[in-house]
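final06.pdb follows; it contains PDB, C-alpha atoms.
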ATOM      1  CA  MET A 275    -153.409   0.386 150.658  1.00  0.00           C
ATOM      2  CA  LEU A 276    -154.447   1.126 147.087  1.00  0.00           C
ATOM      3  CA  LEU A 277    -156.999   3.686 148.301  1.00  0.00           C
ATOM      4  CA  LEU A 278    -154.330   5.403 150.415  1.00  0.00           C
ATOM      5  CA  SER A 279    -152.016   5.590 147.400  1.00  0.00           C
ATOM      6  CA  ILE A 280    -154.782   7.072 145.253  1.00  0.00           C
ATOM      7  CA  LEU A 281    -155.677   9.645 147.932  1.00  0.00           C
ATOM      8  CA  THR A 282    -152.021  10.610 148.353  1.00  0.00           C
ATOM      9  CA  ALA A 283    -151.651  11.064 144.596  1.00  0.00           C
ATOM     10  CA  ALA A 284    -154.829  13.166 144.545  1.00  0.00           C
ATOM     11  CA  VAL A 285    -153.764  15.432 147.428  1.00  0.00           C
ATOM     12  CA  ALA A 286    -150.083  15.820 146.497  1.00  0.00           C
ATOM     13  CA  PRO A 287    -150.486  18.237 143.537  1.00  0.00           C
ATOM     14  CA  GLY A 288    -152.444  20.779 145.575  1.00  0.00           C
ATOM     15  CA  ILE A 289    -150.004  20.687 148.490  1.00  0.00           C
ATOM     16  CA  SER A 290    -147.007  20.897 146.160  1.00  0.00           C
ATOM     17  CA  LEU A 291    -148.382  23.875 144.251  1.00  0.00           C
ATOM     18  CA  LEU A 292    -149.362  25.679 147.445  1.00  0.00           C
ATOM     19  CA  THR A 293    -145.838  25.153 148.782  1.00  0.00           C
ATOM     20  CA  TYR A 294    -144.379  26.540 145.554  1.00  0.00           C
ATOM     21  CA  PHE A 295    -146.474  29.724 145.590  1.00  0.00           C
ATOM     22  CA  TYR A 296    -145.921  30.179 149.332  1.00  0.00           C
ATOM     23  CA  LEU A 297    -142.125  29.965 148.965  1.00  0.00           C
ATOM     24  CA  LYS A 298    -142.188  32.529 146.150  1.00  0.00           C
ATOM     25  CA  ASP A 299    -143.049  35.195 148.741  1.00  0.00           C
ATOM     26  CA  ARG A 300    -139.664  36.952 148.774  1.00  0.00           C
ATOM     27  CA  TYR A 301    -140.006  39.441 151.589  1.00  0.00           C
ATOM     28  CA  GLU A 302    -142.419  38.533 154.382  1.00  0.00           C
ATOM     29  CA  ALA A 303    -143.881  35.042 154.360  1.00  0.00           C
ATOM     30  CA  GLU A 304    -147.407  34.645 155.670  1.00  0.00           C
ATOM     31  CA  PRO A 305    -148.007  32.730 158.924  1.00  0.00           C
ATOM     32  CA  ILE A 306    -148.372  29.036 158.107  1.00  0.00           C
ATOM     33  CA  HIS A 307    -151.485  28.748 160.269  1.00  0.00           C
ATOM     34  CA  MET A 308    -153.214  31.476 158.244  1.00  0.00           C
ATOM     35  CA  VAL A 309    -152.399  29.800 154.935  1.00  0.00           C
ATOM     36  CA  ILE A 310    -153.634  26.433 156.229  1.00  0.00           C
ATOM     37  CA  ARG A 311    -156.797  28.073 157.537  1.00  0.00           C
ATOM     38  CA  VAL A 312    -157.553  29.599 154.150  1.00  0.00           C
ATOM     39  CA  PHE A 313    -156.750  26.285 152.429  1.00  0.00           C
ATOM     40  CA  LEU A 314    -159.293  24.608 154.724  1.00  0.00           C
ATOM     41  CA  LEU A 315    -161.840  27.297 153.840  1.00  0.00           C
ATOM     42  CA  GLY A 316    -161.388  26.142 150.261  1.00  0.00           C
ATOM     43  CA  VAL A 317    -162.182  22.621 151.435  1.00  0.00           C
ATOM     44  CA  LEU A 318    -165.298  23.764 153.300  1.00  0.00           C
ATOM     45  CA  ILE A 319    -166.815  25.712 150.398  1.00  0.00           C
ATOM     46  CA  VAL A 320    -166.930  22.613 148.193  1.00  0.00           C
ATOM     47  CA  LEU A 321    -170.320  21.490 149.555  1.00  0.00           C
ATOM     48  CA  PRO A 322    -172.193  24.813 149.209  1.00  0.00           C
ATOM     49  CA  ILE A 323    -170.714  25.280 145.720  1.00  0.00           C
ATOM     50  CA  MET A 324    -171.917  21.824 144.696  1.00  0.00           C
ATOM     51  CA  VAL A 325    -175.405  22.558 146.049  1.00  0.00           C
ATOM     52  CA  ILE A 326    -175.629  25.889 144.193  1.00  0.00           C
ATOM     53  CA  GLN A 327    -174.319  24.339 140.986  1.00  0.00           C
ATOM     54  CA  ARG A 328    -176.794  21.483 141.196  1.00  0.00           C
ATOM     55  CA  GLY A 329    -179.677  23.920 141.642  1.00  0.00           C
ATOM     56  CA  LEU A 330    -178.562  26.073 138.709  1.00  0.00           C
ATOM     57  CA  LEU A 331    -178.047  22.998 136.550  1.00  0.00           C
ATOM     58  CA  LEU A 332    -181.621  21.874 137.200  1.00  0.00           C
ATOM     59  CA  TRP A 333    -182.876  25.385 136.478  1.00  0.00           C
ATOM     60  CA  TRP A 334    -180.839  26.308 133.403  1.00  0.00           C
ATOM     61  CA  SER A 335    -180.029  22.836 131.966  1.00  0.00           C
ATOM     62  CA  ASP A 336    -176.660  21.674 130.677  1.00  0.00           C
ATOM     63  CA  GLN A 337    -175.896  24.116 127.842  1.00  0.00           C
ATOM     64  CA  PRO A 338    -172.083  24.094 127.294  1.00  0.00           C
ATOM     65  CA  PHE A 339    -171.408  27.848 127.218  1.00  0.00           C
ATOM     66  CA  LEU A 340    -173.775  28.613 130.108  1.00  0.00           C
ATOM     67  CA  PHE A 341    -172.428  25.713 132.131  1.00  0.00           C
ATOM     68  CA  ALA A 342    -168.791  26.745 131.584  1.00  0.00           C
ATOM     69  CA  PHE A 343    -169.101  30.450 132.394  1.00  0.00           C
ATOM     70  CA  ALA A 344    -172.025  30.614 134.827  1.00  0.00           C
ATOM     71  CA  ILE A 345    -172.630  27.299 136.577  1.00  0.00           C
ATOM     72  CA  SER A 346    -169.043  26.075 136.861  1.00  0.00           C
ATOM     73  CA  ALA A 347    -166.652  29.045 136.687  1.00  0.00           C
ATOM     74  CA  GLY A 348    -169.168  31.648 137.837  1.00  0.00           C
ATOM     75  CA  VAL A 349    -170.232  29.924 141.033  1.00  0.00           C
ATOM     76  CA  GLU A 350    -166.772  28.655 141.988  1.00  0.00           C
ATOM     77  CA  GLU A 351    -164.863  31.898 141.426  1.00  0.00           C
ATOM     78  CA  LEU A 352    -167.501  34.187 142.939  1.00  0.00           C
ATOM     79  CA  VAL A 353    -167.823  32.069 146.085  1.00  0.00           C
ATOM     80  CA  LYS A 354    -164.027  32.003 146.502  1.00  0.00           C
ATOM     81  CA  TRP A 355    -163.896  35.763 145.945  1.00  0.00           C
ATOM     82  CA  PHE A 356    -166.720  36.365 148.454  1.00  0.00           C
ATOM     83  CA  VAL A 357    -164.950  34.363 151.167  1.00  0.00           C
ATOM     84  CA  LEU A 358    -161.580  36.028 150.517  1.00  0.00           C
ATOM     85  CA  TYR A 359    -163.031  39.513 150.492  1.00  0.00           C
ATOM     86  CA  HIS A 360    -164.958  39.124 153.738  1.00  0.00           C
ATOM     87  CA  ILE A 361    -162.367  37.145 155.700  1.00  0.00           C
ATOM     88  CA  ILE A 362    -158.926  38.059 154.311  1.00  0.00           C
ATOM     89  CA  TYR A 363    -159.136  41.396 152.502  1.00  0.00           C
ATOM     90  CA  ASN A 364    -159.190  43.538 155.670  1.00  0.00           C
ATOM     91  CA  HIS A 365    -157.097  41.158 157.784  1.00  0.00           C
ATOM     92  CA  THR A 366    -153.934  42.585 159.344  1.00  0.00           C
ATOM     93  CA  GLU A 367    -151.825  39.792 157.812  1.00  0.00           C
ATOM     94  CA  PHE A 368    -152.752  41.004 154.332  1.00  0.00           C
ATOM     95  CA  ASP A 369    -150.016  43.642 154.430  1.00  0.00           C
ATOM     96  CA  GLU A 370    -148.348  43.407 150.994  1.00  0.00           C
ATOM     97  CA  PRO A 371    -149.671  42.807 147.455  1.00  0.00           C
ATOM     98  CA  TYR A 372    -148.242  39.281 147.107  1.00  0.00           C
ATOM     99  CA  ASP A 373    -150.264  38.162 150.143  1.00  0.00           C
ATOM    100  CA  GLY A 374    -153.393  38.350 148.011  1.00  0.00           C
ATOM    101  CA  ILE A 375    -151.866  35.780 145.667  1.00  0.00           C
ATOM    102  CA  VAL A 376    -150.892  33.449 148.529  1.00  0.00           C
ATOM    103  CA  TYR A 377    -154.374  33.468 150.058  1.00  0.00           C
ATOM    104  CA  ALA A 378    -156.254  33.259 146.761  1.00  0.00           C
ATOM    105  CA  VAL A 379    -154.091  30.328 145.667  1.00  0.00           C
ATOM    106  CA  ALA A 380    -154.623  28.670 149.066  1.00  0.00           C
ATOM    107  CA  ILE A 381    -158.426  28.794 148.892  1.00  0.00           C
ATOM    108  CA  SER A 382    -158.379  27.746 145.226  1.00  0.00           C
ATOM    109  CA  LEU A 383    -156.150  24.758 145.916  1.00  0.00           C
ATOM    110  CA  GLY A 384    -158.222  23.736 148.934  1.00  0.00           C
ATOM    111  CA  PHE A 385    -161.222  23.525 146.622  1.00  0.00           C
ATOM    112  CA  ALA A 386    -159.244  21.853 143.812  1.00  0.00           C
ATOM    113  CA  THR A 387    -157.765  19.246 146.171  1.00  0.00           C
ATOM    114  CA  VAL A 388    -161.186  18.081 147.365  1.00  0.00           C
ATOM    115  CA  GLU A 389    -162.406  18.062 143.774  1.00  0.00           C
ATOM    116  CA  ASN A 390    -159.402  15.916 142.831  1.00  0.00           C
ATOM    117  CA  VAL A 391    -159.981  13.517 145.726  1.00  0.00           C
ATOM    118  CA  LEU A 392    -163.647  13.084 144.795  1.00  0.00           C
ATOM    119  CA  TYR A 393    -162.656  12.383 141.204  1.00  0.00           C
ATOM    120  CA  ALA A 394    -160.023   9.841 142.280  1.00  0.00           C
ATOM    121  CA  VAL A 395    -162.434   8.020 144.595  1.00  0.00           C
ATOM    122  CA  PHE A 396    -165.555   7.947 142.431  1.00  0.00           C
ATOM    123  CA  GLN A 397    -163.999   7.659 138.955  1.00  0.00           C
ATOM    124  CA  PRO A 398    -161.633   4.980 137.629  1.00  0.00           C
ATOM    125  CA  ALA A 399    -158.360   6.741 138.454  1.00  0.00           C
ATOM    126  CA  THR A 400    -155.001   5.763 136.993  1.00  0.00           C
ATOM    127  CA  PHE A 401    -151.602   7.387 137.401  1.00  0.00           C
ATOM    128  CA  GLY A 402    -152.033   8.940 133.952  1.00  0.00           C
ATOM    129  CA  THR A 403    -155.416  10.513 134.704  1.00  0.00           C
ATOM    130  CA  LEU A 404    -154.207  11.882 138.043  1.00  0.00           C
ATOM    131  CA  LEU A 405    -151.122  13.320 136.343  1.00  0.00           C
ATOM    132  CA  VAL A 406    -153.290  15.036 133.730  1.00  0.00           C
ATOM    133  CA  ARG A 407    -155.517  16.420 136.478  1.00  0.00           C
ATOM    134  CA  ALA A 408    -152.452  17.740 138.322  1.00  0.00           C
ATOM    135  CA  LEU A 409    -151.249  19.510 135.174  1.00  0.00           C
ATOM    136  CA  LEU A 410    -154.655  20.849 134.142  1.00  0.00           C
ATOM    137  CA  PRO A 411    -157.524  21.386 136.638  1.00  0.00           C
ATOM    138  CA  VAL A 412    -155.447  21.579 139.826  1.00  0.00           C
ATOM    139  CA  SER A 413    -152.816  23.923 138.393  1.00  0.00           C
ATOM    140  CA  GLY A 414    -155.606  25.758 136.562  1.00  0.00           C
ATOM    141  CA  HIS A 415    -157.340  26.559 139.857  1.00  0.00           C
ATOM    142  CA  ALA A 416    -154.015  27.760 141.275  1.00  0.00           C
ATOM    143  CA  LEU A 417    -153.489  30.100 138.311  1.00  0.00           C
ATOM    144  CA  PHE A 418    -157.034  31.458 138.522  1.00  0.00           C
ATOM    145  CA  GLY A 419    -156.174  32.147 142.161  1.00  0.00           C
ATOM    146  CA  VAL A 420    -153.027  34.031 141.124  1.00  0.00           C
ATOM    147  CA  THR A 421    -155.152  36.353 138.985  1.00  0.00           C
ATOM    148  CA  MET A 422    -157.713  36.868 141.736  1.00  0.00           C
ATOM    149  CA  GLY A 423    -155.095  37.516 144.386  1.00  0.00           C
ATOM    150  CA  TYR A 424    -153.082  39.849 142.175  1.00  0.00           C
ATOM    151  CA  TYR A 425    -156.036  42.173 141.629  1.00  0.00           C
ATOM    152  CA  LEU A 426    -157.091  41.938 145.278  1.00  0.00           C
ATOM    153  CA  GLY A 427    -153.594  43.131 146.159  1.00  0.00           C
ATOM    154  CA  LYS A 428    -153.867  45.934 143.598  1.00  0.00           C
ATOM    155  CA  ALA A 429    -157.221  46.930 145.083  1.00  0.00           C
ATOM    156  CA  LYS A 430    -156.022  47.008 148.677  1.00  0.00           C
ATOM    157  CA  PHE A 431    -152.780  48.865 148.036  1.00  0.00           C
ATOM    158  CA  ALA A 432    -153.915  51.162 145.230  1.00  0.00           C
ATOM    159  CA  LYS A 433    -152.652  54.720 145.682  1.00  0.00           C
ATOM    160  CA  ILE A 434    -155.819  56.168 144.187  1.00  0.00           C
ATOM    161  CA  LYS A 435    -159.132  55.422 145.906  1.00  0.00           C
ATOM    162  CA  PRO A 436    -161.787  54.133 145.428  1.00  0.00           C
ATOM    163  CA  ASN A 437    -160.472  50.816 144.167  1.00  0.00           C
ATOM    164  CA  ARG A 438    -163.702  49.277 142.861  1.00  0.00           C
ATOM    165  CA  SER A 439    -162.250  48.656 139.413  1.00  0.00           C
ATOM    166  CA  PHE A 440    -159.533  46.361 140.786  1.00  0.00           C
ATOM    167  CA  LEU A 441    -162.064  44.594 143.007  1.00  0.00           C
ATOM    168  CA  LEU A 442    -164.239  43.913 139.967  1.00  0.00           C
ATOM    169  CA  LEU A 443    -161.221  42.663 138.039  1.00  0.00           C
ATOM    170  CA  SER A 444    -160.314  40.351 140.932  1.00  0.00           C
ATOM    171  CA  ALA A 445    -163.719  38.678 140.636  1.00  0.00           C
ATOM    172  CA  PHE A 446    -164.368  38.632 136.905  1.00  0.00           C
ATOM    173  CA  VAL A 447    -160.960  38.112 135.242  1.00  0.00           C
ATOM    174  CA  PRO A 448    -160.421  34.704 136.934  1.00  0.00           C
ATOM    175  CA  LEU A 449    -164.060  33.893 136.177  1.00  0.00           C
ATOM    176  CA  ILE A 450    -163.436  34.493 132.462  1.00  0.00           C
ATOM    177  CA  GLU A 451    -160.180  32.492 132.513  1.00  0.00           C
ATOM    178  CA  HIS A 452    -161.920  29.628 134.295  1.00  0.00           C
ATOM    179  CA  GLY A 453    -164.887  29.827 131.931  1.00  0.00           C
ATOM    180  CA  VAL A 454    -162.659  29.611 128.852  1.00  0.00           C
ATOM    181  CA  TYR A 455    -160.875  26.605 130.377  1.00  0.00           C
ATOM    182  CA  ASP A 456    -164.162  24.813 131.142  1.00  0.00           C
ATOM    183  CA  TRP A 457    -165.632  25.662 127.750  1.00  0.00           C
ATOM    184  CA  ILE A 458    -162.616  24.159 125.963  1.00  0.00           C
ATOM    185  CA  MET A 459    -162.743  21.014 128.087  1.00  0.00           C
ATOM    186  CA  GLY A 460    -166.506  20.657 127.737  1.00  0.00           C
ATOM    187  CA  SER A 461    -167.213  21.608 124.134  1.00  0.00           C
ATOM    188  CA  THR A 462    -164.337  20.042 122.200  1.00  0.00           C
ATOM    189  CA  THR A 463    -163.677  16.331 122.133  1.00  0.00           C
ATOM    190  CA  THR A 464    -160.974  15.163 119.730  1.00  0.00           C
ATOM    191  CA  TYR A 465    -158.751  18.241 119.462  1.00  0.00           C
ATOM    192  CA  TRP A 466    -159.139  19.767 122.930  1.00  0.00           C
ATOM    193  CA  VAL A 467    -155.429  19.387 123.672  1.00  0.00           C
ATOM    194  CA  TRP A 468    -154.565  21.825 120.848  1.00  0.00           C
ATOM    195  CA  PHE A 469    -156.524  24.521 122.676  1.00  0.00           C
ATOM    196  CA  ILE A 470    -155.897  23.718 126.325  1.00  0.00           C
ATOM    197  CA  VAL A 471    -152.077  23.519 126.120  1.00  0.00           C
ATOM    198  CA  PRO A 472    -151.683  27.077 124.713  1.00  0.00           C
ATOM    199  CA  LEU A 473    -154.183  28.323 127.313  1.00  0.00           C
ATOM    200  CA  MET A 474    -152.221  26.751 130.184  1.00  0.00           C
ATOM    201  CA  ILE A 475    -148.931  28.132 128.857  1.00  0.00           C
ATOM    202  CA  TYR A 476    -150.519  31.579 128.638  1.00  0.00           C
ATOM    203  CA  LEU A 477    -151.892  31.306 132.192  1.00  0.00           C
ATOM    204  CA  TRP A 478    -148.516  30.232 133.588  1.00  0.00           C
ATOM    205  CA  VAL A 479    -146.584  32.979 131.802  1.00  0.00           C
ATOM    206  CA  LYS A 480    -149.129  35.619 132.807  1.00  0.00           C
ATOM    207  CA  GLY A 481    -149.311  34.260 136.350  1.00  0.00           C
ATOM    208  CA  LEU A 482    -145.543  34.344 136.856  1.00  0.00           C
ATOM    209  CA  ARG A 483    -145.433  37.918 135.590  1.00  0.00           C
ATOM    210  CA  LYS A 484    -148.175  38.931 138.005  1.00  0.00           C
ATOM    211  CA  MET A 485    -146.288  37.278 140.859  1.00  0.00           C
ATOM    212  CA  ASN A 486    -143.135  39.212 139.998  1.00  0.00           C
ATOM    213  CA  ARG A 487    -145.052  42.488 139.740  1.00  0.00           C
ATOM    214  CA  ALA A 488    -146.740  41.921 143.096  1.00  0.00           C
ATOM    215  CA  SER A 489    -143.389  41.172 144.751  1.00  0.00           C
ATOM    216  CA  ALA A 490    -141.748  44.178 143.106  1.00  0.00           C
ATOM    217  CA  ILE A 491    -144.096  46.624 144.838  1.00  0.00           C
ATOM    218  CA  SER A 492    -143.893  45.034 148.286  1.00  0.00           C
ATOM    219  CA  PRO A 493    -143.425  47.635 151.046  1.00  0.00           C
ATOM    220  CA  PHE A 494    -140.961  45.185 152.673  1.00  0.00           C
ATOM    221  CA  ARG A 495    -138.606  44.926 149.686  1.00  0.00           C
ATOM    222  CA  PHE A 496    -136.058  47.333 151.209  1.00  0.00           C
ATOM    223  CA  VAL A 497    -136.140  45.947 154.749  1.00  0.00           C
ATOM    224  CA  GLY A 498    -133.519  43.261 154.158  1.00  0.00           C
ATOM    225  CA  HIS A 499    -131.184  45.781 152.513  1.00  0.00           C
ATOM    226  CA  GLU A 500    -131.554  48.249 155.391  1.00  0.00           C
ATOM    227  CA  GLU A 501    -130.762  45.512 157.920  1.00  0.00           C
ATOM    228  CA  GLU A 502    -127.634  44.578 155.972  1.00  0.00           C
ATOM    229  CA  VAL A 503    -126.492  48.227 155.989  1.00  0.00           C
ATOM    230  CA  LYS A 504    -126.942  48.449 159.758  1.00  0.00           C
ATOM    231  CA  LEU A 505    -124.823  45.334 160.224  1.00  0.00           C
TER
END
Write out the structure in this file as structure tokens.
Amino acid sequence: MLLLSILTAAVAPGISLLTYFYLKDRYEAEPIHMVIRVFLLGVLIVLPIMVIQRGLLLWWSDQPFLFAFAISAGVEELVKWFVLYHIIYNHTEFDEPYDGIVYAVAISLGFATVENVLYAVFQPATFGTLLVRALLPVSGHALFGVTMGYYLGKAKFAKIKPNRSFLLLSAFVPLIEHGVYDWIMGSTTTYWVWFIVPLMIYLWVKGLRKMNRASAISPFRFVGHEEEVKL
């Protein structure tokens, strides 16, 4: 019973955040089965990411800056980007800029949920530690996904082609954000909270602005109004 409670507490933040970002799609919500499928892709990439990270850690050793930006953030964000680009980017359901955010958040939270479950099972987990993880790493992954998805949407629906610059931004901006987060958590001990709280506030403010911008340029934003006029 205790294990079930711990697992529920570990899974709940990812599901709750995914629901929040999904419901923020104002104009044409994505099919639930597609969002779940992408979430499960995030679950499936945990093992290959762990294998790659373990190999790089043995090769490069545990130097804080290198670990934060290359081994941790680099591998995780680039693998998520690779999967999204090859499976979702050209999919017919990716038909408005905000969709990139939904799918990037889904794959990020799939990964973060498994990571949270593993932490809860193999580390001494209390309500306090799980709450901190919900506020920091789980929501952090979601916000890195917002950045990735925002630029993927910009790349796909850019008026001027080619769109390589937005594709590069979609891969490397979340990598840098994630790297800064990991570097703060890994290199500071006593005063880490004074750095991580401003970073999370910045990521939330920036993420919400990106969500609003993506929604504002949706090709479906006038559909509801036109239907009302016809009625």
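Nearest to Phe431 (chain A) of all the residues A:Glu304, A:Asp336, A:Glu350, A:Glu370 is A:Glu370, counting only C-alpha atoms.
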CA of Leu358 (chain A) to CA of Leu330 (chain A) measures 23.0 Å
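Put simply, the PyMOL selection byres ((chain A and resi 476-493) around 6) in this file takes in Glu370, Pro371, Tyr372, Leu473, Met474, Ile475, Phe494 and Arg495 of chain A.
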Shell around Asp373 (chain A) at 9 Å using all atoms listed in the file, local window under 6 positions removed, as a PyMOL selection string
chain A and resi 299+302-304+367+423-424+427+488
Quick one: which residues end up in the PyMOL selection byres ((chain A and resi 317) around 8) for this structure, as a list in words?
Phe313, Leu314, Leu315, Gly316, Leu318, Ile319, Val320, Ile381, Gly384, Phe385, Thr387 and Val388 of chain A
Report the distance between CA of Val395 (chain A) and CA of Val285 (chain A) in Å, rounded to one decimal place.
11.8 Å
CA of His415 (chain A) to CA of Val447 (chain A), straight-line distance in Å:
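According to the coordinates, CA of Val447 (chain A) and CA of His415 (chain A) are separated by 13.0 Å.
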Rank nothing, just name the residue among A:Leu443, A:Ala344, A:Val391, A:Leu426 nearest to Tyr377 (chain A), using only C-alpha atoms.
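Checking each of A:Leu443, A:Ala344, A:Val391, A:Leu426 against Tyr377 (chain A), counting only C-alpha atoms, the winner is A:Leu426.
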Counting all atoms listed in the file, the residue of A:Leu281, A:Asp456, A:Ala286, A:Ala378 that sits nearest Phe356 (chain A):
A:Ala378
Picked residues, the PyMOL selection byres ((chain A and resi 446) around 10), as a list in words:
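Written out, the selection comes to Ala347, Gly348, Glu351, Leu352, Trp355, Thr421, Met422, Phe440, Leu441, Leu442, Leu443, Ser444, Ala445, Val447, Pro448, Leu449, Ile450, Glu451 and His452 of chain A.
Proximity to Phe295 (chain A) was assessed for A:Val379, A:Leu321, A:Ala342, A:Ile470 counting all atoms listed in the file; the smallest distance is recorded for A:Val379.
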Because some atoms of region 475-494 of chain A are absent here, can you restore N, CA, C and O atoms and send them as a PDB file, in the coordinates of the input?
ATOM      1  N   ILE A 475    -150.207  27.413 128.979  1.00  0.00           N
ATOM      2  CA  ILE A 475    -148.931  28.132 128.857  1.00  0.00           C
ATOM      3  C   ILE A 475    -149.142  29.628 129.083  1.00  0.00           C
ATOM      4  O   ILE A 475    -148.377  30.286 129.802  1.00  0.00           O
ATOM      5  N   TYR A 476    -150.195  30.160 128.468  1.00  0.00           N
ATOM      6  CA  TYR A 476    -150.519  31.579 128.638  1.00  0.00           C
ATOM      7  C   TYR A 476    -150.785  31.905 130.113  1.00  0.00           C
ATOM      8  O   TYR A 476    -150.280  32.907 130.639  1.00  0.00           O
ATOM      9  N   LEU A 477    -151.559  31.050 130.788  1.00  0.00           N
ATOM     10  CA  LEU A 477    -151.892  31.306 132.192  1.00  0.00           C
ATOM     11  C   LEU A 477    -150.654  31.245 133.077  1.00  0.00           C
ATOM     12  O   LEU A 477    -150.502  32.055 134.001  1.00  0.00           O
ATOM     13  N   TRP A 478    -149.741  30.320 132.790  1.00  0.00           N
ATOM     14  CA  TRP A 478    -148.516  30.232 133.588  1.00  0.00           C
ATOM     15  C   TRP A 478    -147.620  31.441 133.361  1.00  0.00           C
ATOM     16  O   TRP A 478    -147.103  32.034 134.315  1.00  0.00           O
ATOM     17  N   VAL A 479    -147.439  31.822 132.101  1.00  0.00           N
ATOM     18  CA  VAL A 479    -146.584  32.979 131.802  1.00  0.00           C
ATOM     19  C   VAL A 479    -147.168  34.240 132.437  1.00  0.00           C
ATOM     20  O   VAL A 479    -146.459  35.030 133.090  1.00  0.00           O
ATOM     21  N   LYS A 480    -148.470  34.439 132.239  1.00  0.00           N
ATOM     22  CA  LYS A 480    -149.129  35.619 132.807  1.00  0.00           C
ATOM     23  C   LYS A 480    -149.107  35.579 134.332  1.00  0.00           C
ATOM     24  O   LYS A 480    -148.895  36.603 134.995  1.00  0.00           O
ATOM     25  N   GLY A 481    -149.324  34.391 134.900  1.00  0.00           N
ATOM     26  CA  GLY A 481    -149.311  34.260 136.350  1.00  0.00           C
ATOM     27  C   GLY A 481    -147.959  34.567 136.954  1.00  0.00           C
ATOM     28  O   GLY A 481    -147.860  35.269 137.973  1.00  0.00           O
ATOM     29  N   LEU A 482    -146.890  34.071 136.345  1.00  0.00           N
ATOM     30  CA  LEU A 482    -145.543  34.344 136.856  1.00  0.00           C
ATOM     31  C   LEU A 482    -145.206  35.828 136.766  1.00  0.00           C
ATOM     32  O   LEU A 482    -144.555  36.386 137.664  1.00  0.00           O
ATOM     33  N   ARG A 483    -145.652  36.472 135.702  1.00  0.00           N
ATOM     34  CA  ARG A 483    -145.433  37.918 135.590  1.00  0.00           C
ATOM     35  C   ARG A 483    -146.178  38.675 136.674  1.00  0.00           C
ATOM     36  O   ARG A 483    -145.631  39.627 137.260  1.00  0.00           O
ATOM     37  N   LYS A 484    -147.396  38.269 136.945  1.00  0.00           N
ATOM     38  CA  LYS A 484    -148.175  38.931 138.005  1.00  0.00           C
ATOM     39  C   LYS A 484    -147.518  38.718 139.372  1.00  0.00           C
ATOM     40  O   LYS A 484    -147.500  39.630 140.216  1.00  0.00           O
ATOM     41  N   MET A 485    -146.982  37.540 139.606  1.00  0.00           N
ATOM     42  CA  MET A 485    -146.288  37.278 140.859  1.00  0.00           C
ATOM     43  C   MET A 485    -145.078  38.189 141.012  1.00  0.00           C
ATOM     44  O   MET A 485    -144.838  38.754 142.090  1.00  0.00           O
ATOM     45  N   ASN A 486    -144.312  38.342 139.948  1.00  0.00           N
ATOM     46  CA  ASN A 486    -143.135  39.212 139.998  1.00  0.00           C
ATOM     47  C   ASN A 486    -143.524  40.669 140.218  1.00  0.00           C
ATOM     48  O   ASN A 486    -142.867  41.394 140.973  1.00  0.00           O
ATOM     49  N   ARG A 487    -144.596  41.107 139.562  1.00  0.00           N
ATOM     50  CA  ARG A 487    -145.052  42.488 139.740  1.00  0.00           C
ATOM     51  C   ARG A 487    -145.521  42.734 141.167  1.00  0.00           C
ATOM     52  O   ARG A 487    -145.231  43.784 141.758  1.00  0.00           O
ATOM     53  N   ALA A 488    -146.254  41.763 141.723  1.00  0.00           N
ATOM     54  CA  ALA A 488    -146.740  41.921 143.096  1.00  0.00           C
ATOM     55  C   ALA A 488    -145.577  41.991 144.072  1.00  0.00           C
ATOM     56  O   ALA A 488    -145.580  42.795 145.016  1.00  0.00           O
ATOM     57  N   SER A 489    -144.559  41.154 143.870  1.00  0.00           N
ATOM     58  CA  SER A 489    -143.389  41.172 144.751  1.00  0.00           C
ATOM     59  C   SER A 489    -142.598  42.470 144.609  1.00  0.00           C
ATOM     60  O   SER A 489    -142.061  42.994 145.584  1.00  0.00           O
ATOM     61  N   ALA A 490    -142.560  42.989 143.377  1.00  0.00           N
ATOM     62  CA  ALA A 490    -141.748  44.178 143.106  1.00  0.00           C
ATOM     63  C   ALA A 490    -142.269  45.423 143.810  1.00  0.00           C
ATOM     64  O   ALA A 490    -141.506  46.373 144.018  1.00  0.00           O
ATOM     65  N   ILE A 491    -143.538  45.440 144.171  1.00  0.00           N
ATOM     66  CA  ILE A 491    -144.096  46.624 144.838  1.00  0.00           C
ATOM     67  C   ILE A 491    -144.363  46.372 146.321  1.00  0.00           C
ATOM     68  O   ILE A 491    -145.107  47.109 146.961  1.00  0.00           O
ATOM     69  N   SER A 492    -143.729  45.323 146.862  1.00  0.00           N
ATOM     70  CA  SER A 492    -143.893  45.034 148.286  1.00  0.00           C
ATOM     71  C   SER A 492    -143.296  46.151 149.128  1.00  0.00           C
ATOM     72  O   SER A 492    -142.182  46.607 148.858  1.00  0.00           O
ATOM     73  N   PRO A 493    -143.994  46.601 150.164  1.00  0.00           N
ATOM     74  CA  PRO A 493    -143.425  47.635 151.046  1.00  0.00           C
ATOM     75  C   PRO A 493    -142.259  47.106 151.876  1.00  0.00           C
ATOM     76  O   PRO A 493    -141.543  47.889 152.509  1.00  0.00           O
ATOM     77  N   PHE A 494    -142.041  45.782 151.878  1.00  0.00           N
ATOM     78  CA  PHE A 494    -140.961  45.185 152.673  1.00  0.00           C
ATOM     79  C   PHE A 494    -139.717  44.898 151.838  1.00  0.00           C
ATOM     80  O   PHE A 494    -138.766  44.317 152.341  1.00  0.00           O
TER      81      PHE A 494
END
